[in-house]
file data-v5.cif (mmCIF, C-alpha atoms, pLDDT in the B column; chains and numbers go by the auth columns)
data_entry
loop_
_atom_site.group_PDB
_atom_site.id
_atom_site.type_symbol
_atom_site.label_atom_id
_atom_site.label_comp_id
_atom_site.label_asym_id
_atom_site.label_seq_id
_atom_site.Cartn_x
_atom_site.Cartn_y
_atom_site.Cartn_z
_atom_site.B_iso_or_equiv
_atom_site.auth_seq_id
_atom_site.auth_asym_id
ATOM 1 C CA MET A 1 0.000 0.000 0.000 73.00 1 Z
ATOM 2 C CA ARG A 2 2.879 2.368 0.752 74.00 2 Z
ATOM 3 C CA VAL A 3 4.406 1.784 -2.664 73.00 3 Z
ATOM 4 C CA LYS A 4 1.034 2.332 -4.336 79.00 4 Z
ATOM 5 C CA ALA A 5 0.477 5.545 -2.333 79.00 5 Z
ATOM 6 C CA ALA A 6 3.935 6.857 -3.262 76.00 6 Z
ATOM 7 C CA GLY A 7 3.258 6.133 -6.925 81.00 7 Z
ATOM 8 C CA GLN A 8 -0.092 7.919 -6.733 84.00 8 Z
ATOM 9 C CA GLU A 9 1.500 10.947 -5.084 85.00 9 Z
ATOM 10 C CA ILE A 10 4.173 11.092 -7.787 86.00 10 Z
ATOM 11 C CA ARG A 11 1.518 11.000 -10.528 89.00 11 Z
ATOM 12 C CA THR A 12 -0.522 13.659 -8.730 89.00 12 Z
ATOM 13 C CA LEU A 13 2.509 15.929 -8.331 91.00 13 Z
ATOM 14 C CA HIS A 14 3.415 15.610 -12.009 91.00 14 Z
ATOM 15 C CA SER A 15 -0.168 16.372 -12.988 92.00 15 Z
ATOM 16 C CA LEU A 16 -0.259 19.399 -10.679 92.00 16 Z
ATOM 17 C CA MET A 17 3.007 20.646 -12.139 93.00 17 Z
ATOM 18 C CA ARG A 18 1.521 20.462 -15.664 92.00 18 Z
ATOM 19 C CA GLY A 19 -1.453 22.536 -14.529 92.00 19 Z
ATOM 20 C CA ILE A 20 0.628 25.098 -12.665 92.00 20 Z
ATOM 21 C CA ARG A 21 2.996 25.441 -15.646 93.00 21 Z
ATOM 22 C CA VAL A 22 -0.002 26.218 -17.854 91.00 22 Z
ATOM 23 C CA MET A 23 -1.255 28.783 -15.341 91.00 23 Z
ATOM 24 C CA ARG A 24 2.200 30.358 -15.071 91.00 24 Z
ATOM 25 C CA ALA A 25 2.627 30.566 -18.839 91.00 25 Z
ATOM 26 C CA GLU A 26 -0.774 32.176 -19.322 89.00 26 Z
ATOM 27 C CA LEU A 27 -0.186 34.600 -16.457 87.00 27 Z
ATOM 28 C CA SER A 28 3.145 35.719 -17.867 86.00 28 Z
ATOM 29 C CA CYS A 29 1.857 36.094 -21.445 87.00 29 Z
ATOM 30 C CA ARG A 30 -1.733 37.276 -21.215 81.00 30 Z
ATOM 31 C CA LEU A 31 -2.504 38.008 -17.574 78.00 31 Z
ATOM 32 C CA CYS A 32 -5.737 35.959 -17.768 79.00 32 Z
ATOM 33 C CA PRO A 33 -8.461 36.099 -15.134 84.00 33 Z
ATOM 34 C CA LEU A 34 -8.168 33.439 -12.449 85.00 34 Z
ATOM 35 C CA GLU A 35 -11.223 31.491 -13.591 87.00 35 Z
ATOM 36 C CA GLU A 36 -9.842 31.186 -17.117 88.00 36 Z
ATOM 37 C CA LEU A 37 -6.464 30.060 -15.760 87.00 37 Z
ATOM 38 C CA LEU A 38 -8.080 27.359 -13.659 90.00 38 Z
ATOM 39 C CA VAL A 39 -10.177 26.063 -16.563 90.00 39 Z
ATOM 40 C CA MET A 40 -7.097 25.873 -18.812 90.00 40 Z
ATOM 41 C CA ALA A 41 -5.157 24.087 -16.088 90.00 41 Z
ATOM 42 C CA ALA A 42 -8.031 21.630 -15.595 89.00 42 Z
ATOM 43 C CA ASN A 43 -8.089 20.821 -19.300 89.00 43 Z
ATOM 44 C CA LEU A 44 -4.349 20.257 -19.600 87.00 44 Z
ATOM 45 C CA ALA A 45 -3.339 18.911 -16.183 86.00 45 Z
ATOM 46 C CA GLY A 46 -4.718 15.413 -16.564 80.00 46 Z
ATOM 47 C CA ALA A 47 -7.240 13.254 -14.789 79.00 47 Z
ATOM 48 C CA GLU A 48 -5.398 13.164 -11.457 75.00 48 Z
ATOM 49 C CA THR A 49 -5.738 16.886 -10.783 86.00 49 Z
ATOM 50 C CA GLY A 50 -8.192 18.171 -13.376 89.00 50 Z
ATOM 51 C CA VAL A 51 -10.942 17.746 -10.800 91.00 51 Z
ATOM 52 C CA PHE A 52 -9.015 19.966 -8.368 91.00 52 Z
ATOM 53 C CA PHE A 53 -8.662 22.811 -10.872 90.00 53 Z
ATOM 54 C CA GLN A 54 -12.306 22.423 -11.966 91.00 54 Z
ATOM 55 C CA SER A 55 -13.427 22.524 -8.348 90.00 55 Z
ATOM 56 C CA CYS A 56 -11.480 25.737 -7.786 89.00 56 Z
ATOM 57 C CA ALA A 57 -12.960 27.313 -10.912 89.00 57 Z
ATOM 58 C CA ALA A 58 -16.495 26.281 -9.960 89.00 58 Z
ATOM 59 C CA SER A 59 -16.134 27.569 -6.412 88.00 59 Z
ATOM 60 C CA LEU A 60 -15.173 31.058 -7.607 85.00 60 Z
ATOM 61 C CA SER A 61 -18.878 31.875 -7.646 81.00 61 Z
ATOM 62 C CA GLY A 62 -18.704 31.791 -3.846 75.00 62 Z
ATOM 63 C CA LEU A 63 -15.872 34.308 -3.771 76.00 63 Z
ATOM 64 C CA ASN A 64 -18.032 36.904 -2.030 80.00 64 Z
ATOM 65 C CA GLU A 65 -18.534 34.651 0.988 84.00 65 Z
ATOM 66 C CA ASN A 66 -15.030 33.158 1.192 84.00 66 Z
ATOM 67 C CA SER A 67 -11.583 34.249 0.117 85.00 67 Z
ATOM 68 C CA PHE A 68 -9.855 32.554 -2.799 87.00 68 Z
ATOM 69 C CA VAL A 69 -7.322 31.080 -0.386 89.00 69 Z
ATOM 70 C CA ASP A 70 -10.104 29.355 1.575 89.00 70 Z
ATOM 71 C CA LEU A 71 -11.641 27.992 -1.628 89.00 71 Z
ATOM 72 C CA TRP A 72 -8.222 26.786 -2.853 89.00 72 Z
ATOM 73 C CA ILE A 73 -7.415 25.080 0.461 91.00 73 Z
ATOM 74 C CA ASP A 74 -10.850 23.449 0.580 91.00 74 Z
ATOM 75 C CA ALA A 75 -10.379 22.080 -2.945 90.00 75 Z
ATOM 76 C CA CYS A 76 -6.878 20.839 -2.030 91.00 76 Z
ATOM 77 C CA ARG A 77 -8.208 18.854 0.888 91.00 77 Z
ATOM 78 C CA LYS A 78 -11.246 17.455 -0.923 91.00 78 Z
ATOM 79 C CA CYS A 79 -9.806 16.673 -4.350 90.00 79 Z
ATOM 80 C CA LEU A 80 -6.186 15.697 -3.659 91.00 80 Z
ATOM 81 C CA PRO A 81 -6.193 12.966 -1.002 90.00 81 Z
ATOM 82 C CA ALA A 82 -3.094 11.342 -2.534 87.00 82 Z
ATOM 83 C CA LEU A 83 -0.856 14.241 -1.500 89.00 83 Z
ATOM 84 C CA SER A 84 1.158 14.143 1.689 89.00 84 Z
ATOM 85 C CA ALA A 85 0.682 16.914 4.242 90.00 85 Z
ATOM 86 C CA GLU A 86 3.934 18.547 3.117 92.00 86 Z
ATOM 87 C CA SER A 87 2.973 18.541 -0.567 91.00 87 Z
ATOM 88 C CA ARG A 88 -0.502 19.830 0.239 91.00 88 Z
ATOM 89 C CA GLY A 89 1.013 22.609 2.357 91.00 89 Z
ATOM 90 C CA GLN A 90 3.209 23.712 -0.549 92.00 90 Z
ATOM 91 C CA LEU A 91 0.182 23.842 -2.842 92.00 91 Z
ATOM 92 C CA GLU A 92 -1.843 25.767 -0.269 92.00 92 Z
ATOM 93 C CA THR A 93 0.996 28.305 -0.002 91.00 93 Z
ATOM 94 C CA LEU A 94 0.804 28.829 -3.758 91.00 94 Z
ATOM 95 C CA GLY A 95 -2.944 29.459 -3.505 88.00 95 Z
ATOM 96 C CA ALA A 96 -2.278 32.226 -0.989 88.00 96 Z
ATOM 97 C CA SER A 97 -0.322 34.136 -3.651 87.00 97 Z
ATOM 98 C CA LEU A 98 -2.482 33.655 -6.730 86.00 98 Z
ATOM 99 C CA GLY A 99 -4.664 36.606 -7.628 78.00 99 Z
ATOM 100 C CA ARG A 100 -3.540 38.671 -4.656 80.00 100 Z
ATOM 101 C CA TYR A 101 -0.115 40.089 -5.402 79.00 101 Z
ATOM 102 C CA GLU A 102 1.743 41.703 -8.264 86.00 102 Z
ATOM 103 C CA LEU A 103 2.382 39.594 -11.340 86.00 103 Z
ATOM 104 C CA ASP A 104 6.078 39.099 -10.529 89.00 104 Z
ATOM 105 C CA GLU A 105 5.244 37.775 -7.080 92.00 105 Z
ATOM 106 C CA GLN A 106 2.621 35.389 -8.482 90.00 106 Z
ATOM 107 C CA LEU A 107 5.094 34.074 -11.059 92.00 107 Z
ATOM 108 C CA ALA A 108 7.747 33.663 -8.364 93.00 108 Z
ATOM 109 C CA ALA A 109 5.253 31.724 -6.211 92.00 109 Z
ATOM 110 C CA CYS A 110 4.513 29.433 -9.172 93.00 110 Z
ATOM 111 C CA ASP A 111 8.249 28.922 -9.709 94.00 111 Z
ATOM 112 C CA ARG A 112 8.796 28.116 -6.025 95.00 112 Z
ATOM 113 C CA TYR A 113 5.965 25.605 -6.041 93.00 113 Z
ATOM 114 C CA LEU A 114 7.199 23.963 -9.243 94.00 114 Z
ATOM 115 C CA ARG A 115 10.717 23.681 -7.819 95.00 115 Z
ATOM 116 C CA CYS A 116 9.494 22.194 -4.513 94.00 116 Z
ATOM 117 C CA ALA A 117 7.073 19.803 -6.222 92.00 117 Z
ATOM 118 C CA GLU A 118 9.799 18.616 -8.594 94.00 118 Z
ATOM 119 C CA GLU A 119 12.159 17.975 -5.674 93.00 119 Z
ATOM 120 C CA THR A 120 9.457 16.096 -3.779 90.00 120 Z
ATOM 121 C CA ALA A 121 8.511 13.985 -6.793 88.00 121 Z
ATOM 122 C CA ASN A 122 12.167 13.182 -7.539 89.00 122 Z
ATOM 123 C CA GLY A 123 12.762 12.214 -3.912 88.00 123 Z
ATOM 124 C CA LEU A 124 9.739 9.917 -3.897 84.00 124 Z
ATOM 125 C CA LEU A 125 10.776 8.421 -7.214 83.00 125 Z
ATOM 126 C CA ALA A 126 14.302 7.768 -5.947 86.00 126 Z
ATOM 127 C CA ARG A 127 12.964 5.965 -2.853 79.00 127 Z
ATOM 128 C CA LEU A 128 10.357 3.944 -4.750 72.00 128 Z
ATOM 129 C CA PRO A 129 12.604 1.006 -5.798 71.00 129 Z
ATOM 130 C CA GLU A 130 13.919 0.732 -2.252 74.00 130 Z
ATOM 131 C CA GLN A 131 10.384 0.695 -0.857 68.00 131 Z
ATOM 132 C CA ARG A 132 9.372 -2.004 -3.346 64.00 132 Z
ATOM 133 C CA LYS A 133 12.300 -4.207 -2.316 65.00 133 Z
ATOM 134 C CA LEU A 134 11.570 -3.633 1.366 66.00 134 Z
ATOM 135 C CA SER A 135 7.892 -4.519 1.009 69.00 135 Z
ATOM 136 C CA LEU A 136 8.762 -7.685 -0.926 67.00 136 Z
ATOM 137 C CA ALA A 137 11.372 -8.686 1.655 66.00 137 Z
ATOM 138 C CA LEU A 138 8.962 -8.078 4.536 68.00 138 Z
ATOM 139 C CA SER A 139 6.236 -10.064 2.783 75.00 139 Z
ATOM 140 C CA ALA A 140 8.628 -12.969 2.174 71.00 140 Z
ATOM 141 C CA ALA A 141 9.827 -12.869 5.779 76.00 141 Z
ATOM 142 C CA ALA A 142 6.253 -12.827 7.062 76.00 142 Z
ATOM 143 C CA GLY A 143 5.387 -15.762 4.817 80.00 143 Z
ATOM 144 C CA ALA A 144 8.409 -17.743 6.023 79.00 144 Z
ATOM 145 C CA PHE A 145 7.557 -16.961 9.629 77.00 145 Z
ATOM 146 C CA LEU A 146 3.970 -18.125 9.061 78.00 146 Z
ATOM 147 C CA CYS A 147 5.233 -21.372 7.524 82.00 147 Z
ATOM 148 C CA LEU A 148 7.440 -21.943 10.564 79.00 148 Z
ATOM 149 C CA LEU A 149 4.526 -21.334 12.891 81.00 149 Z
ATOM 150 C CA ILE A 150 2.323 -23.781 11.032 83.00 150 Z
ATOM 151 C CA LEU A 151 4.983 -26.502 11.010 74.00 151 Z
#

call {"tool": "encode", "arguments": {"input": "data-v5.cif", "output": "structure tokens"}}
result
Amino acid sequence: MRVKAAGQEIRTLHSLMRGIRVMRAELSCRLCPLEELLVMAANLAGAETGVFFQSCAASLSGLNENSFVDLWIDACRKCLPALSAESRGQLETLGASLGRYELDEQLAACDRYLRCAEETANGLLARLPEQRKLSLALSAAAGAFLCLLIL
């Protein structure tokens, strides 16, 4: 289960990075409204995180009652269960910058998130073969121990 969860988090991070790269590119070129950015990201991010971006875009209608940060954090928690607390915290930090600050600061926040997400994904990917071997070894040891108990 741990290996499967790590693989799911890696896929989710890569999908999020695709969406954030799209948002960053559109922000730097056209300075699109937030709703349009989120819809583009949802279309290009992939199945893993498209729901997250769509949820954020749909919840913008409730922007009068809640801040964008609250809507972003709520969507993070509901739509991205595969992310670890650290990865989710990095994404929530990005949401605190989008649409609130100057363009340069928003682009820098996107760059910081992309850098952190890439490092996290690479770290998980590097540990994945080791985790696979460990889970196989533990399963074999448990099976051998069970055989000894039965005999």

call {"tool": "closest_residue", "arguments": {"input": "data-v5.cif", "among": "Z:Leu103, Z:Ile150, Z:Ala47, Z:Leu125", "to": "Z:Cys79", "atoms": "only C-alpha atoms"}}
result
Z:Ala47

call {"tool": "closest_residue", "arguments": {"input": "data-v5.cif", "among": "Z:Leu107, Z:Ala42, Z:Leu128, Z:Ala121", "to": "Z:Lys4", "atoms": "only C-alpha atoms"}}
result
Z:Leu128

call {"tool": "closest_residue", "arguments": {"input": "data-v5.cif", "among": "Z:Ala85, Z:Ala45, Z:Leu124, Z:Leu71", "to": "Z:Gly7", "atoms": "only C-alpha atoms"}}
result
Z:Leu124

call {"tool": "resolve_selection", "arguments": {"input": "data-v5.cif", "expression": "the PyMOL selection byres ((chain Z and resi 22) around 9)", "output": "JSON list (two decimals) with C-alpha atoms, in the coordinates of the input"}}
result
[["chain", "number", "residue", "atom", "x", "y", "z"],
["Z", 17, "MET", "CA", 3.01, 20.65, -12.14],
["Z", 18, "ARG", "CA", 1.52, 20.46, -15.66],
["Z", 19, "GLY", "CA", -1.45, 22.54, -14.53],
["Z", 20, "ILE", "CA", 0.63, 25.10, -12.66],
["Z", 21, "ARG", "CA", 3.00, 25.44, -15.65],
["Z", 23, "MET", "CA", -1.25, 28.78, -15.34],
["Z", 24, "ARG", "CA", 2.20, 30.36, -15.07],
["Z", 25, "ALA", "CA", 2.63, 30.57, -18.84],
["Z", 26, "GLU", "CA", -0.77, 32.18, -19.32],
["Z", 27, "LEU", "CA", -0.19, 34.60, -16.46],
["Z", 37, "LEU", "CA", -6.46, 30.06, -15.76],
["Z", 40, "MET", "CA", -7.10, 25.87, -18.81],
["Z", 41, "ALA", "CA", -5.16, 24.09, -16.09],
["Z", 44, "LEU", "CA", -4.35, 20.26, -19.60],
["Z", 45, "ALA", "CA", -3.34, 18.91, -16.18]]

call {"tool": "resolve_selection", "arguments": {"input": "data-v5.cif", "expression": "the PyMOL selection byres ((chain Z and resi 52) around 8)", "output": "mmCIF file with C-alpha atoms, in the coordinates of the input"}}
result
data_model
loop_
_atom_site.group_PDB
_atom_site.id
_atom_site.type_symbol
_atom_site.label_atom_id
_atom_site.label_comp_id
_atom_site.auth_asym_id
_atom_site.auth_seq_id
_atom_site.Cartn_x
_atom_site.Cartn_y
_atom_site.Cartn_z
ATOM 1 C CA ALA Z 42 -8.031 21.630 -15.595
ATOM 2 C CA THR Z 49 -5.738 16.886 -10.783
ATOM 3 C CA GLY Z 50 -8.192 18.171 -13.376
ATOM 4 C CA VAL Z 51 -10.942 17.746 -10.800
ATOM 5 C CA PHE Z 53 -8.662 22.811 -10.872
ATOM 6 C CA GLN Z 54 -12.306 22.423 -11.966
ATOM 7 C CA SER Z 55 -13.427 22.524 -8.348
ATOM 8 C CA CYS Z 56 -11.480 25.737 -7.786
ATOM 9 C CA ALA Z 75 -10.379 22.080 -2.945
ATOM 10 C CA CYS Z 76 -6.878 20.839 -2.030
ATOM 11 C CA CYS Z 79 -9.806 16.673 -4.350
ATOM 12 C CA LEU Z 80 -6.186 15.697 -3.659
#

call {"tool": "resolve_selection", "arguments": {"input": "data-v5.cif", "expression": "the PyMOL selection byres ((chain Z and resi 68) around 10)", "output": "list in words"}}
result
Leu34, Cys56, Ser59, Leu60, Gly62, Leu63, Asn64, Glu65, Asn66, Ser67, Val69, Asp70, Leu71, Trp72, Ile73, Asp74, Gly95, Ala96, Ser97, Leu98, Gly99 and Arg100 of chain Z

call {"tool": "write_last_selection", "arguments": {"input": "data-v5.cif", "atoms": "C-alpha atoms", "output": "mmCIF file, in the frame of the given file"}}
result
data_model
loop_
_atom_site.group_PDB
_atom_site.id
_atom_site.type_symbol
_atom_site.label_atom_id
_atom_site.label_comp_id
_atom_site.auth_asym_id
_atom_site.auth_seq_id
_atom_site.Cartn_x
_atom_site.Cartn_y
_atom_site.Cartn_z
ATOM 1 C CA LEU Z 34 -8.168 33.439 -12.449
ATOM 2 C CA CYS Z 56 -11.480 25.737 -7.786
ATOM 3 C CA SER Z 59 -16.134 27.569 -6.412
ATOM 4 C CA LEU Z 60 -15.173 31.058 -7.607
ATOM 5 C CA GLY Z 62 -18.704 31.791 -3.846
ATOM 6 C CA LEU Z 63 -15.872 34.308 -3.771
ATOM 7 C CA ASN Z 64 -18.032 36.904 -2.030
ATOM 8 C CA GLU Z 65 -18.534 34.651 0.988
ATOM 9 C CA ASN Z 66 -15.030 33.158 1.192
ATOM 10 C CA SER Z 67 -11.583 34.249 0.117
ATOM 11 C CA VAL Z 69 -7.322 31.080 -0.386
ATOM 12 C CA ASP Z 70 -10.104 29.355 1.575
ATOM 13 C CA LEU Z 71 -11.641 27.992 -1.628
ATOM 14 C CA TRP Z 72 -8.222 26.786 -2.853
ATOM 15 C CA ILE Z 73 -7.415 25.080 0.461
ATOM 16 C CA ASP Z 74 -10.850 23.449 0.580
ATOM 17 C CA GLY Z 95 -2.944 29.459 -3.505
ATOM 18 C CA ALA Z 96 -2.278 32.226 -0.989
ATOM 19 C CA SER Z 97 -0.322 34.136 -3.651
ATOM 20 C CA LEU Z 98 -2.482 33.655 -6.730
ATOM 21 C CA GLY Z 99 -4.664 36.606 -7.628
ATOM 22 C CA ARG Z 100 -3.540 38.671 -4.656
#

call {"tool": "atom_distance", "arguments": {"input": "data-v5.cif", "atom1": "atom CA of Z:Asn43", "atom2": "atom CA of Z:Ala126"}}
result
29.2 Å

call {"tool": "atom_distance", "arguments": {"input": "data-v5.cif", "atom1": "atom CA of Z:Gly46", "atom2": "atom CA of Z:Tyr101"}}
result
27.5 Å

call {"tool": "closest_residue", "arguments": {"input": "data-v5.cif", "among": "Z:Ser61, Z:Thr12, Z:Thr93, Z:Ser28", "to": "Z:Thr120", "atoms": "all atoms listed in the file"}}
result
Z:Thr12

call {"tool": "atom_distance", "arguments": {"input": "data-v5.cif", "atom1": "atom CA of Z:His14", "atom2": "atom CA of Z:Glu119"}}
result
11.1 Å

call {"tool": "build_atoms", "arguments": {"input": "data-v5.cif", "residues": "stretch 79-98 of chain Z", "atoms": "N, CA and C atoms", "output": "PDB file, in the coordinates of the input"}}
result
ATOM      1  N   CYS Z  79     -10.072  17.280  -3.044  1.00 90.00           N
ATOM      2  CA  CYS Z  79      -9.806  16.673  -4.350  1.00 90.00           C
ATOM      3  C   CYS Z  79      -8.439  16.003  -4.479  1.00 90.00           C
ATOM      4  N   LEU Z  80      -7.543  16.235  -3.531  1.00 91.00           N
ATOM      5  CA  LEU Z  80      -6.186  15.697  -3.659  1.00 91.00           C
ATOM      6  C   LEU Z  80      -5.795  14.858  -2.442  1.00 91.00           C
ATOM      7  N   PRO Z  81      -6.512  13.780  -2.184  1.00 90.00           N
ATOM      8  CA  PRO Z  81      -6.193  12.966  -1.002  1.00 90.00           C
ATOM      9  C   PRO Z  81      -4.865  12.221  -1.121  1.00 90.00           C
ATOM     10  N   ALA Z  82      -4.339  12.086  -2.340  1.00 87.00           N
ATOM     11  CA  ALA Z  82      -3.094  11.342  -2.534  1.00 87.00           C
ATOM     12  C   ALA Z  82      -1.869  12.127  -2.079  1.00 87.00           C
ATOM     13  N   LEU Z  83      -2.010  13.431  -1.886  1.00 89.00           N
ATOM     14  CA  LEU Z  83      -0.856  14.241  -1.500  1.00 89.00           C
ATOM     15  C   LEU Z  83      -0.549  14.101  -0.019  1.00 89.00           C
ATOM     16  N   SER Z  84       0.739  14.133   0.290  1.00 89.00           N
ATOM     17  CA  SER Z  84       1.158  14.143   1.689  1.00 89.00           C
ATOM     18  C   SER Z  84       0.867  15.521   2.276  1.00 89.00           C
ATOM     19  N   ALA Z  85       0.952  15.631   3.578  1.00 90.00           N
ATOM     20  CA  ALA Z  85       0.682  16.914   4.242  1.00 90.00           C
ATOM     21  C   ALA Z  85       1.669  17.979   3.776  1.00 90.00           C
ATOM     22  N   GLU Z  86       2.917  17.592   3.569  1.00 92.00           N
ATOM     23  CA  GLU Z  86       3.934  18.547   3.117  1.00 92.00           C
ATOM     24  C   GLU Z  86       3.622  19.053   1.711  1.00 92.00           C
ATOM     25  N   SER Z  87       3.298  18.146   0.812  1.00 91.00           N
ATOM     26  CA  SER Z  87       2.973  18.541  -0.567  1.00 91.00           C
ATOM     27  C   SER Z  87       1.720  19.398  -0.614  1.00 91.00           C
ATOM     28  N   ARG Z  88       0.735  19.043   0.190  1.00 91.00           N
ATOM     29  CA  ARG Z  88      -0.502  19.830   0.239  1.00 91.00           C
ATOM     30  C   ARG Z  88      -0.213  21.224   0.795  1.00 91.00           C
ATOM     31  N   GLY Z  89       0.651  21.304   1.792  1.00 91.00           N
ATOM     32  CA  GLY Z  89       1.013  22.609   2.357  1.00 91.00           C
ATOM     33  C   GLY Z  89       1.694  23.509   1.335  1.00 91.00           C
ATOM     34  N   GLN Z  90       2.547  22.934   0.501  1.00 92.00           N
ATOM     35  CA  GLN Z  90       3.209  23.712  -0.549  1.00 92.00           C
ATOM     36  C   GLN Z  90       2.190  24.245  -1.547  1.00 92.00           C
ATOM     37  N   LEU Z  91       1.222  23.420  -1.902  1.00 92.00           N
ATOM     38  CA  LEU Z  91       0.182  23.842  -2.842  1.00 92.00           C
ATOM     39  C   LEU Z  91      -0.722  24.910  -2.221  1.00 92.00           C
ATOM     40  N   GLU Z  92      -1.019  24.768  -0.951  1.00 92.00           N
ATOM     41  CA  GLU Z  92      -1.843  25.767  -0.269  1.00 92.00           C
ATOM     42  C   GLU Z  92      -1.114  27.102  -0.191  1.00 92.00           C
ATOM     43  N   THR Z  93       0.201  27.074  -0.020  1.00 91.00           N
ATOM     44  CA  THR Z  93       0.996  28.305  -0.002  1.00 91.00           C
ATOM     45  C   THR Z  93       0.916  29.006  -1.350  1.00 91.00           C
ATOM     46  N   LEU Z  94       0.947  28.241  -2.423  1.00 91.00           N
ATOM     47  CA  LEU Z  94       0.804  28.829  -3.758  1.00 91.00           C
ATOM     48  C   LEU Z  94      -0.548  29.512  -3.896  1.00 91.00           C
ATOM     49  N   GLY Z  95      -1.607  28.879  -3.416  1.00 88.00           N
ATOM     50  CA  GLY Z  95      -2.944  29.459  -3.505  1.00 88.00           C
ATOM     51  C   GLY Z  95      -3.062  30.787  -2.778  1.00 88.00           C
ATOM     52  N   ALA Z  96      -2.244  30.968  -1.738  1.00 88.00           N
ATOM     53  CA  ALA Z  96      -2.278  32.226  -0.989  1.00 88.00           C
ATOM     54  C   ALA Z  96      -1.716  33.384  -1.802  1.00 88.00           C
ATOM     55  N   SER Z  97      -0.937  33.084  -2.837  1.00 87.00           N
ATOM     56  CA  SER Z  97      -0.322  34.136  -3.651  1.00 87.00           C
ATOM     57  C   SER Z  97      -1.098  34.451  -4.920  1.00 87.00           C
ATOM     58  N   LEU Z  98      -1.808  33.459  -5.446  1.00 86.00           N
ATOM     59  CA  LEU Z  98      -2.482  33.655  -6.730  1.00 86.00           C
ATOM     60  C   LEU Z  98      -3.604  34.688  -6.627  1.00 86.00           C
TER      61      LEU Z  98
END
